[in-house]
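**Q** Just one file: coords-v2.tsv, with TSV, C-alpha atoms.
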```tsv
chain	number	residue	atom	x	y	z
A	268	LYS	CA	31.27	1.32	-2.48
A	269	ASN	CA	29.36	0.30	-5.60
A	270	GLU	CA	27.97	-3.21	-5.69
A	271	VAL	CA	29.42	-3.70	-9.19
A	272	GLU	CA	32.88	-2.35	-9.90
A	273	GLN	CA	34.56	-2.33	-13.27
A	274	SER	CA	38.16	-1.72	-14.21
A	275	PRO	CA	39.63	0.03	-15.96
A	276	GLN	CA	37.28	2.97	-16.46
A	277	ASN	CA	39.01	3.89	-19.69
A	278	LEU	CA	41.16	1.77	-21.95
A	279	THR	CA	43.02	2.66	-25.13
A	280	ALA	CA	44.51	-0.12	-27.22
A	281	GLN	CA	46.18	-0.58	-30.56
A	282	GLU	CA	44.44	-2.64	-33.19
A	283	GLY	CA	45.27	-6.31	-32.75
A	284	GLU	CA	45.89	-6.17	-29.01
A	285	PHE	CA	44.34	-8.58	-26.54
A	286	ILE	CA	42.02	-6.71	-24.20
A	287	THR	CA	40.72	-7.59	-20.75
A	288	ILE	CA	38.01	-5.76	-18.85
A	289	ASN	CA	37.31	-6.76	-15.27
A	290	CYS	CA	34.16	-6.77	-13.18
A	291	SER	CA	33.86	-7.46	-9.46
A	292	TYR	CA	30.64	-7.60	-7.51
A	293	SER	CA	29.75	-7.79	-3.85
A	294	VAL	CA	26.23	-9.23	-3.86
A	295	GLY	CA	24.82	-12.68	-4.44
A	296	ILE	CA	23.78	-13.04	-8.04
A	297	SER	CA	21.79	-15.33	-10.28
A	298	ALA	CA	23.56	-14.17	-13.43
A	299	LEU	CA	26.10	-11.70	-14.74
A	300	HIS	CA	25.70	-9.81	-18.00
A	301	TRP	CA	28.12	-8.08	-20.32
A	302	LEU	CA	26.64	-5.32	-22.46
A	303	GLN	CA	28.12	-3.20	-25.23
A	304	GLN	CA	27.05	0.41	-25.77
A	305	HIS	CA	28.14	2.08	-28.97
A	306	PRO	CA	28.73	5.83	-29.29
A	307	GLY	CA	25.26	6.27	-30.78
A	308	GLY	CA	23.82	4.91	-27.54
A	309	GLY	CA	22.49	1.55	-28.68
A	310	ILE	CA	23.04	-1.28	-26.19
A	311	VAL	CA	23.70	-4.85	-27.21
A	312	SER	CA	23.63	-7.79	-24.85
A	313	LEU	CA	26.85	-9.75	-25.34
A	314	PHE	CA	26.76	-12.48	-22.71
A	315	MET	CA	24.76	-13.79	-19.81
A	316	LEU	CA	26.79	-16.01	-17.47
A	317	SER	CA	26.07	-17.91	-14.32
A	318	SER	CA	29.22	-20.04	-14.35
A	319	GLY	CA	32.28	-20.91	-16.37
A	320	LYS	CA	33.07	-19.38	-19.70
A	321	LYS	CA	31.34	-18.34	-22.89
A	322	LYS	CA	32.79	-17.47	-26.29
A	323	HIS	CA	31.30	-15.63	-29.21
A	324	GLY	CA	33.61	-14.82	-32.07
A	325	ARG	CA	36.51	-12.78	-30.71
A	326	LEU	CA	34.78	-12.19	-27.39
A	327	ILE	CA	35.25	-14.41	-24.36
A	328	ALA	CA	33.57	-13.95	-20.99
A	329	THR	CA	34.51	-15.80	-17.83
A	330	ILE	CA	33.10	-15.79	-14.34
A	331	ASN	CA	34.44	-17.03	-11.02
A	332	ILE	CA	31.51	-17.31	-8.64
A	333	GLN	CA	33.66	-17.97	-5.56
A	334	GLU	CA	35.76	-14.86	-6.18
A	335	LYS	CA	32.77	-12.79	-7.39
A	336	HIS	CA	34.69	-11.74	-10.45
A	337	SER	CA	34.18	-11.76	-14.19
A	338	SER	CA	36.35	-10.82	-17.12
A	339	LEU	CA	35.56	-9.89	-20.69
A	340	HIS	CA	38.33	-10.56	-23.18
A	341	ILE	CA	38.58	-9.31	-26.74
A	342	THR	CA	41.10	-11.05	-28.95
A	343	ALA	CA	42.63	-9.36	-32.02
A	344	SER	CA	40.91	-6.07	-31.18
A	345	HIS	CA	39.62	-3.85	-33.98
A	346	PRO	CA	38.57	-0.19	-34.10
A	347	ARG	CA	34.96	-1.29	-34.46
A	348	ASP	CA	35.22	-2.78	-30.96
A	349	SER	CA	35.42	0.79	-29.62
A	350	ALA	CA	32.46	1.15	-27.28
A	351	VAL	CA	31.52	1.25	-23.63
A	352	TYR	CA	31.39	-2.22	-22.08
A	353	ILE	CA	29.05	-2.56	-19.15
A	354	CYS	CA	28.93	-5.32	-16.56
A	355	ALA	CA	25.60	-5.93	-14.83
A	356	VAL	CA	24.38	-8.49	-12.33
A	357	SER	CA	20.94	-9.82	-11.67
A	358	ARG	CA	19.95	-11.03	-8.24
A	359	GLY	CA	17.68	-13.99	-7.73
A	360	GLY	CA	13.98	-13.45	-8.14
A	361	SER	CA	13.72	-10.63	-10.60
A	362	GLN	CA	15.83	-11.26	-13.66
A	363	GLY	CA	15.42	-7.79	-15.01
A	364	ASN	CA	16.43	-5.99	-11.84
A	365	LEU	CA	20.00	-5.44	-12.93
A	366	ILE	CA	22.70	-3.63	-10.99
A	367	PHE	CA	25.02	-1.98	-13.45
A	368	GLY	CA	28.68	-1.14	-13.32
A	369	LYS	CA	29.72	2.28	-14.53
A	370	GLY	CA	31.19	0.89	-17.72
A	371	THR	CA	34.61	0.70	-19.35
A	372	LYS	CA	35.18	2.99	-22.28
A	373	LEU	CA	37.34	1.18	-24.84
A	374	SER	CA	39.02	2.93	-27.72
A	375	VAL	CA	40.91	0.83	-30.24
A	376	LYS	CA	43.27	2.80	-32.47
A	377	PRO	CA	44.12	1.63	-35.99
B	36	GLY	CA	8.61	-6.30	-34.72
B	37	ALA	CA	12.20	-7.10	-35.61
B	38	GLY	CA	13.62	-5.09	-32.74
B	39	VAL	CA	12.57	-3.14	-29.68
B	40	SER	CA	11.09	0.14	-30.80
B	41	GLN	CA	10.90	3.22	-28.58
B	42	SER	CA	9.19	6.49	-29.21
B	43	PRO	CA	9.77	9.32	-29.25
B	44	SER	CA	13.52	9.16	-29.74
B	45	ASN	CA	13.86	12.65	-28.27
B	46	LYS	CA	11.55	14.63	-26.05
B	47	VAL	CA	12.00	18.11	-24.67
B	48	THR	CA	9.43	19.13	-22.12
B	49	GLU	CA	8.87	21.93	-19.68
B	50	LYS	CA	9.24	21.33	-15.99
B	51	GLY	CA	5.92	20.34	-14.47
B	52	LYS	CA	4.46	18.76	-17.60
B	53	ASP	CA	3.59	15.08	-17.92
B	54	VAL	CA	5.32	12.87	-20.48
B	55	GLU	CA	4.61	9.44	-21.89
B	56	LEU	CA	7.32	7.21	-23.30
B	57	ARG	CA	6.44	4.21	-25.38
B	58	CYS	CA	8.13	0.85	-25.84
B	59	ASP	CA	7.14	-1.77	-28.40
B	60	PRO	CA	9.02	-4.99	-27.58
B	61	ILE	CA	9.98	-7.84	-29.84
B	62	SER	CA	6.93	-9.87	-30.74
B	63	GLY	CA	6.63	-12.86	-28.44
B	64	HIS	CA	8.90	-11.47	-25.73
B	65	THR	CA	6.92	-11.73	-22.53
B	66	ALA	CA	9.42	-9.90	-20.33
B	67	LEU	CA	9.88	-6.15	-20.66
B	68	TYR	CA	12.17	-3.85	-18.69
B	69	TRP	CA	12.61	-0.12	-18.29
B	70	TYR	CA	15.95	1.40	-17.37
B	71	ARG	CA	17.25	4.93	-17.08
B	72	GLN	CA	20.68	6.26	-17.96
B	73	SER	CA	21.42	9.63	-16.45
B	74	LEU	CA	24.47	11.67	-17.32
B	75	GLY	CA	27.28	10.59	-15.05
B	76	GLN	CA	25.05	8.12	-13.20
B	77	GLY	CA	25.18	5.01	-15.31
B	78	LEU	CA	22.25	2.72	-15.91
B	79	GLU	CA	19.60	2.02	-13.31
B	80	PHE	CA	16.68	-0.38	-13.25
B	81	LEU	CA	13.17	1.07	-13.11
B	82	ILE	CA	10.55	-1.65	-13.58
B	83	TYR	CA	10.10	-5.17	-14.92
B	84	PHE	CA	6.99	-6.61	-16.56
B	85	GLN	CA	6.20	-10.25	-17.05
B	86	GLY	CA	3.21	-10.23	-19.35
B	87	ASN	CA	0.95	-7.42	-18.18
B	88	SER	CA	1.92	-7.58	-14.53
B	89	ALA	CA	4.85	-5.85	-12.89
B	90	PRO	CA	6.39	-8.18	-10.31
B	91	ASP	CA	9.20	-5.74	-9.65
B	92	LYS	CA	8.70	-1.99	-9.69
B	93	SER	CA	11.25	-1.32	-7.00
B	94	GLY	CA	13.37	0.93	-9.19
B	95	LEU	CA	10.76	3.61	-9.84
B	96	PRO	CA	12.29	6.69	-8.18
B	97	SER	CA	9.07	8.34	-7.00
B	98	ASP	CA	5.29	8.13	-7.26
B	99	ARG	CA	5.49	10.51	-10.20
B	100	PHE	CA	6.67	7.55	-12.23
B	101	SER	CA	4.28	4.84	-13.40
B	102	ALA	CA	4.23	2.26	-16.13
B	103	GLU	CA	1.73	-0.05	-17.67
B	104	ARG	CA	1.73	-2.77	-20.24
B	105	THR	CA	-1.30	-3.87	-22.18
B	106	GLY	CA	-1.94	-6.99	-24.21
B	107	GLY	CA	1.42	-8.36	-23.14
B	108	SER	CA	3.02	-6.08	-25.68
B	109	VAL	CA	3.38	-2.30	-25.74
B	110	SER	CA	4.41	-0.55	-22.55
B	111	THR	CA	4.09	3.09	-21.58
B	112	LEU	CA	6.22	4.80	-18.96
B	113	THR	CA	4.57	7.95	-17.65
B	114	ILE	CA	6.33	10.67	-15.71
B	115	GLN	CA	4.05	13.20	-14.09
B	116	ARG	CA	5.06	16.73	-13.15
B	117	THR	CA	8.49	16.32	-14.67
B	118	GLN	CA	11.51	17.71	-12.86
B	119	GLN	CA	14.92	18.60	-14.25
B	120	GLU	CA	16.48	15.60	-12.52
B	121	ASP	CA	14.24	13.38	-14.67
B	122	SER	CA	16.38	14.32	-17.69
B	123	ALA	CA	17.97	11.10	-18.90
B	124	VAL	CA	17.87	8.47	-21.60
B	125	TYR	CA	15.08	6.00	-20.88
B	126	LEU	CA	15.82	2.56	-22.25
B	127	CYS	CA	13.47	-0.33	-22.77
B	128	ALA	CA	14.51	-3.94	-23.22
B	129	SER	CA	12.67	-7.19	-23.75
B	130	SER	CA	13.50	-10.85	-23.44
B	131	LEU	CA	11.87	-14.19	-23.93
B	132	ARG	CA	10.16	-15.21	-20.68
B	133	GLY	CA	12.67	-13.25	-18.58
B	134	ALA	CA	15.45	-15.64	-19.45
B	135	GLY	CA	18.03	-12.98	-20.12
B	136	GLY	CA	19.39	-12.34	-23.56
B	137	TYR	CA	17.98	-8.86	-23.48
B	138	THR	CA	17.32	-6.83	-26.62
B	139	PHE	CA	17.47	-3.12	-25.98
B	140	GLY	CA	15.70	-0.33	-27.76
B	141	SER	CA	17.50	2.82	-28.85
B	142	GLY	CA	16.09	4.80	-25.98
B	143	THR	CA	14.18	8.04	-25.51
B	144	ARG	CA	16.29	11.04	-24.60
B	145	LEU	CA	14.21	13.17	-22.25
B	146	THR	CA	15.23	16.72	-21.53
B	147	VAL	CA	13.29	18.69	-18.95
B	148	VAL	CA	13.82	22.45	-19.25
```
What's the structure tokens form of this structure?

**A**
Amino acid sequence: KNEVEQSPQNLTAQEGEFITINCSYSVGISALHWLQQHPGGGIVSLFMLSSGKKKHGRLIATINIQEKHSSLHITASHPRDSAVYICAVSRGGSQGNLIFGKGTKLSVKP
Amino acid sequence: GAGVSQSPSNKVTEKGKDVELRCDPISGHTALYWYRQSLGQGLEFLIYFQGNSAPDKSGLPSDRFSAERTGGSVSTLTIQRTQQEDSAVYLCASSLRGAGGYTFGSGTRLTVV
């Protein structure tokens, strides 16, 4: 079993829909990260969370430390949101030693 | 620089040859990370630098892999005697004092033939 599990693996939505991507982890963490990888391969760091909730534009990330679960929400989705969304966790000590989920491929249709 | 710069963007090499991949982080970012993304394998951590020292190199897959960082800036990842399983996209990221908020480079796509 992977230490970081994401669901769903693939997600197709219509423009305007509310989207949720889930991430569960089985190890103790110091922080959880949400990353976005566009078809060209570039990776953008969206959020780093250690508790609670963060919002940036139409993106919202939440984390429940007790349940070892995080969600990434996209409100009013748009075709430009189409990308692979990757959840990653960092364990205490070495911030950069991330354990990555396999990613969720999101396709938003106009 | 304005972003994390990696070179080359693509590299095709013959099995058994050595390769060097370069990462130029954002100016002032003291933390630098190397990751690898293999086809069907997802991303995996290789090594982390804080300044010129590497407090965590636990992700390097074998002793054929090494990395150094000089002047707290540019880093080079070297793969000796490349094997076909080394084919992957090698990604570099940097952050301010290891506090997260990573900025990733565009990666080097390595193909070993």

**Q** What lies within 10 Å of region 111-125 of chain B using all atoms listed in the file, ignoring chain neighbours under 3 positions off, as a ChimeraX atom specification?

**A** /A:308 /B:41-42,44-59,69-74,76,78-79,81-82,96-105,140-148

**Q** Next, dump the selected residues to file, keeping only C-alpha atoms, as a JSON list (two decimals), in the frame of the given file.

**A**
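Contents of again15.json, as written:
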```
[["chain", "number", "residue", "atom", "x", "y", "z"],
["A", 308, "GLY", "CA", 23.82, 4.91, -27.54],
["B", 41, "GLN", "CA", 10.90, 3.22, -28.58],
["B", 42, "SER", "CA", 9.19, 6.49, -29.21],
["B", 44, "SER", "CA", 13.52, 9.16, -29.74],
["B", 45, "ASN", "CA", 13.86, 12.65, -28.27],
["B", 46, "LYS", "CA", 11.55, 14.63, -26.05],
["B", 47, "VAL", "CA", 12.00, 18.11, -24.67],
["B", 48, "THR", "CA", 9.43, 19.13, -22.12],
["B", 49, "GLU", "CA", 8.87, 21.93, -19.68],
["B", 50, "LYS", "CA", 9.24, 21.33, -15.99],
["B", 51, "GLY", "CA", 5.92, 20.34, -14.47],
["B", 52, "LYS", "CA", 4.46, 18.76, -17.60],
["B", 53, "ASP", "CA", 3.59, 15.08, -17.92],
["B", 54, "VAL", "CA", 5.32, 12.87, -20.48],
["B", 55, "GLU", "CA", 4.61, 9.44, -21.89],
["B", 56, "LEU", "CA", 7.32, 7.21, -23.30],
["B", 57, "ARG", "CA", 6.44, 4.21, -25.38],
["B", 58, "CYS", "CA", 8.13, 0.85, -25.84],
["B", 59, "ASP", "CA", 7.14, -1.77, -28.40],
["B", 69, "TRP", "CA", 12.61, -0.12, -18.29],
["B", 70, "TYR", "CA", 15.95, 1.40, -17.37],
["B", 71, "ARG", "CA", 17.25, 4.93, -17.08],
["B", 72, "GLN", "CA", 20.68, 6.26, -17.96],
["B", 73, "SER", "CA", 21.42, 9.63, -16.45],
["B", 74, "LEU", "CA", 24.47, 11.67, -17.32],
["B", 76, "GLN", "CA", 25.05, 8.12, -13.20],
["B", 78, "LEU", "CA", 22.25, 2.72, -15.91],
["B", 79, "GLU", "CA", 19.60, 2.02, -13.31],
["B", 81, "LEU", "CA", 13.17, 1.07, -13.11],
["B", 82, "ILE", "CA", 10.55, -1.65, -13.58],
["B", 96, "PRO", "CA", 12.29, 6.69, -8.18],
["B", 97, "SER", "CA", 9.07, 8.34, -7.00],
["B", 98, "ASP", "CA", 5.29, 8.13, -7.26],
["B", 99, "ARG", "CA", 5.49, 10.51, -10.20],
["B", 100, "PHE", "CA", 6.67, 7.55, -12.23],
["B", 101, "SER", "CA", 4.28, 4.84, -13.40],
["B", 102, "ALA", "CA", 4.23, 2.26, -16.13],
["B", 103, "GLU", "CA", 1.73, -0.05, -17.67],
["B", 104, "ARG", "CA", 1.73, -2.77, -20.24],
["B", 105, "THR", "CA", -1.30, -3.87, -22.18],
["B", 140, "GLY", "CA", 15.70, -0.33, -27.76],
["B", 141, "SER", "CA", 17.50, 2.82, -28.85],
["B", 142, "GLY", "CA", 16.09, 4.80, -25.98],
["B", 143, "THR", "CA", 14.18, 8.04, -25.51],
["B", 144, "ARG", "CA", 16.29, 11.04, -24.60],
["B", 145, "LEU", "CA", 14.21, 13.17, -22.25],
["B", 146, "THR", "CA", 15.23, 16.72, -21.53],
["B", 147, "VAL", "CA", 13.29, 18.69, -18.95],
["B", 148, "VAL", "CA", 13.82, 22.45, -19.25]]
```

**Q** Hey, which bits of chain B sit within 10 Å of chain A, and for each residue what's the closest pair of atoms and how far apart in Å (one decimal), counting all atoms listed in the file, rows by chain and increasing number, as CSV?

**A**
```
residue,atom,partner,partner_atom,distance
B:Ala66,CA,A:Gly363,CA,8.3
B:Leu67,CA,A:Gly363,CA,8.1
B:Tyr68,CA,A:Gly363,CA,6.3
B:Trp69,CA,A:Gly363,CA,8.8
B:Tyr70,CA,A:Leu365,CA,9.1
B:Gly75,CA,A:Lys369,CA,8.7
B:Gln76,CA,A:Lys369,CA,7.6
B:Gly77,CA,A:Lys369,CA,5.4
B:Leu78,CA,A:Phe367,CA,6.0
B:Glu79,CA,A:Phe367,CA,6.7
B:Phe80,CA,A:Asn364,CA,5.8
B:Leu81,CA,A:Asn364,CA,7.9
B:Ile82,CA,A:Asn364,CA,7.5
B:Tyr83,CA,A:Gly363,CA,5.9
B:Phe84,CA,A:Gly363,CA,8.7
B:Gln85,CA,A:Gly363,CA,9.8
B:Pro90,CA,A:Ser361,CA,7.7
B:Asp91,CA,A:Ser361,CA,6.7
B:Lys92,CA,A:Asn364,CA,9.0
B:Ser93,CA,A:Asn364,CA,8.5
B:Gly94,CA,A:Asn364,CA,8.0
B:Val124,CA,A:Gly308,CA,9.1
B:Leu126,CA,A:Ile310,CA,9.1
B:Ala128,CA,A:Gly363,CA,9.1
B:Ser129,CA,A:Gly363,CA,9.2
B:Ser130,CA,A:Gly363,CA,9.2
B:Arg132,CA,A:Gln362,CA,9.9
B:Gly133,CA,A:Gln362,CA,6.2
B:Ala134,CA,A:Gln362,CA,7.3
B:Gly135,CA,A:Met315,CA,6.8
B:Gly136,CA,A:Ser312,CA,6.4
B:Tyr137,CA,A:Ser312,CA,5.9
B:Thr138,CA,A:Ser312,CA,6.6
B:Phe139,CA,A:Ile310,CA,5.9
B:Gly140,CA,A:Gly309,CA,7.1
B:Ser141,CA,A:Gly309,CA,5.2
B:Gly142,CA,A:Gly309,CA,7.7
```

**Q** I need the chosen residues saved as an mmCIF file, in the frame of the given file, with C-alpha atoms.

**A**
```cif
data_model
loop_
_atom_site.group_PDB
_atom_site.id
_atom_site.type_symbol
_atom_site.label_atom_id
_atom_site.label_comp_id
_atom_site.auth_asym_id
_atom_site.auth_seq_id
_atom_site.Cartn_x
_atom_site.Cartn_y
_atom_site.Cartn_z
ATOM 1 C CA ALA B 66 9.420 -9.900 -20.330
ATOM 2 C CA LEU B 67 9.880 -6.150 -20.660
ATOM 3 C CA TYR B 68 12.170 -3.850 -18.690
ATOM 4 C CA TRP B 69 12.610 -0.120 -18.290
ATOM 5 C CA TYR B 70 15.950 1.400 -17.370
ATOM 6 C CA GLY B 75 27.280 10.590 -15.050
ATOM 7 C CA GLN B 76 25.050 8.120 -13.200
ATOM 8 C CA GLY B 77 25.180 5.010 -15.310
ATOM 9 C CA LEU B 78 22.250 2.720 -15.910
ATOM 10 C CA GLU B 79 19.600 2.020 -13.310
ATOM 11 C CA PHE B 80 16.680 -0.380 -13.250
ATOM 12 C CA LEU B 81 13.170 1.070 -13.110
ATOM 13 C CA ILE B 82 10.550 -1.650 -13.580
ATOM 14 C CA TYR B 83 10.100 -5.170 -14.920
ATOM 15 C CA PHE B 84 6.990 -6.610 -16.560
ATOM 16 C CA GLN B 85 6.200 -10.250 -17.050
ATOM 17 C CA PRO B 90 6.390 -8.180 -10.310
ATOM 18 C CA ASP B 91 9.200 -5.740 -9.650
ATOM 19 C CA LYS B 92 8.700 -1.990 -9.690
ATOM 20 C CA SER B 93 11.250 -1.320 -7.000
ATOM 21 C CA GLY B 94 13.370 0.930 -9.190
ATOM 22 C CA VAL B 124 17.870 8.470 -21.600
ATOM 23 C CA LEU B 126 15.820 2.560 -22.250
ATOM 24 C CA ALA B 128 14.510 -3.940 -23.220
ATOM 25 C CA SER B 129 12.670 -7.190 -23.750
ATOM 26 C CA SER B 130 13.500 -10.850 -23.440
ATOM 27 C CA ARG B 132 10.160 -15.210 -20.680
ATOM 28 C CA GLY B 133 12.670 -13.250 -18.580
ATOM 29 C CA ALA B 134 15.450 -15.640 -19.450
ATOM 30 C CA GLY B 135 18.030 -12.980 -20.120
ATOM 31 C CA GLY B 136 19.390 -12.340 -23.560
ATOM 32 C CA TYR B 137 17.980 -8.860 -23.480
ATOM 33 C CA THR B 138 17.320 -6.830 -26.620
ATOM 34 C CA PHE B 139 17.470 -3.120 -25.980
ATOM 35 C CA GLY B 140 15.700 -0.330 -27.760
ATOM 36 C CA SER B 141 17.500 2.820 -28.850
ATOM 37 C CA GLY B 142 16.090 4.800 -25.980
#
```

**Q** Between CA of Ser317 (chain A) and CA of Asn269 (chain A), what is the distance, to one decimal in Å?

**A**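 One can read the CA of Ser317 (chain A) to CA of Asn269 (chain A) distance as 20.5 Å.
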
**Q** Measure the distance from CA of Tyr292 (chain A) to CA of Lys322 (chain A) in Å and round it to one decimal.

**A**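 It comes out at 21.3 Å.
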
**Q** Just to confirm, what's the straight-line distance from CA of Pro60 (chain B) to CA of Gly107 (chain B) in Å (one decimal)?

**A**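 Value for the CA of Pro60 (chain B)-CA of Gly107 (chain B) distance: 9.4 Å.
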
**Q** Would you pick out the contacts of Glu284 (chain A) at 8 Å or less, using only C-alpha atoms, so that residues sharing its chain but fewer than 2 positions from it are not included, and give the list as a list in words?

**A** Ala280, Gln281, Glu282, Ile286, Thr342, Ala343 and Ser344 of chain A

**Q** Take the point (38.6, 0.5, -26.8) in the file's coordinates, draw a sphere of radius 7 Å around it, and report as a VMD selection string every protein, DNA or RNA residue with an atom inside or on it, counting all atoms listed in the file.

**A** chain A and resid 278 to 280 348 to 350 372 to 375

**Q** Tell me which of A:His305, A:Glu270, A:Gln276, A:Phe285 sits closest to His345 (chain A), counting all atoms listed in the file.

**A** A:Phe285

**Q** Given all atoms listed in the file as the basis, pick out the residue of A:Pro377, A:Asn331, A:Ile296, A:Arg358 nearest to Gly319 (chain A).

**A**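 Counting all atoms listed in the file, the residue closest to Gly319 (chain A) is A:Asn331.
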
**Q** Within 8 Å of Lys320 (chain A), counting all atoms listed in the file, which residues qualify if same-chain residues fewer than 3 places away don't, as a PyMOL selection string?

**A** chain A and resi 316+327-330

**Q** Please put the answer as lines of an AutoDock Vina configuration file: centre and edge lengths, in Å with one decimal, of a box along x, y and z that encloses all listed atoms of region 339-349 of chain A plus 5 Å on each side.

**A**
```
center_x = 38.8
center_y = -5.1
center_z = -27.6
size_x = 17.7
size_y = 21.8
size_z = 23.8
```
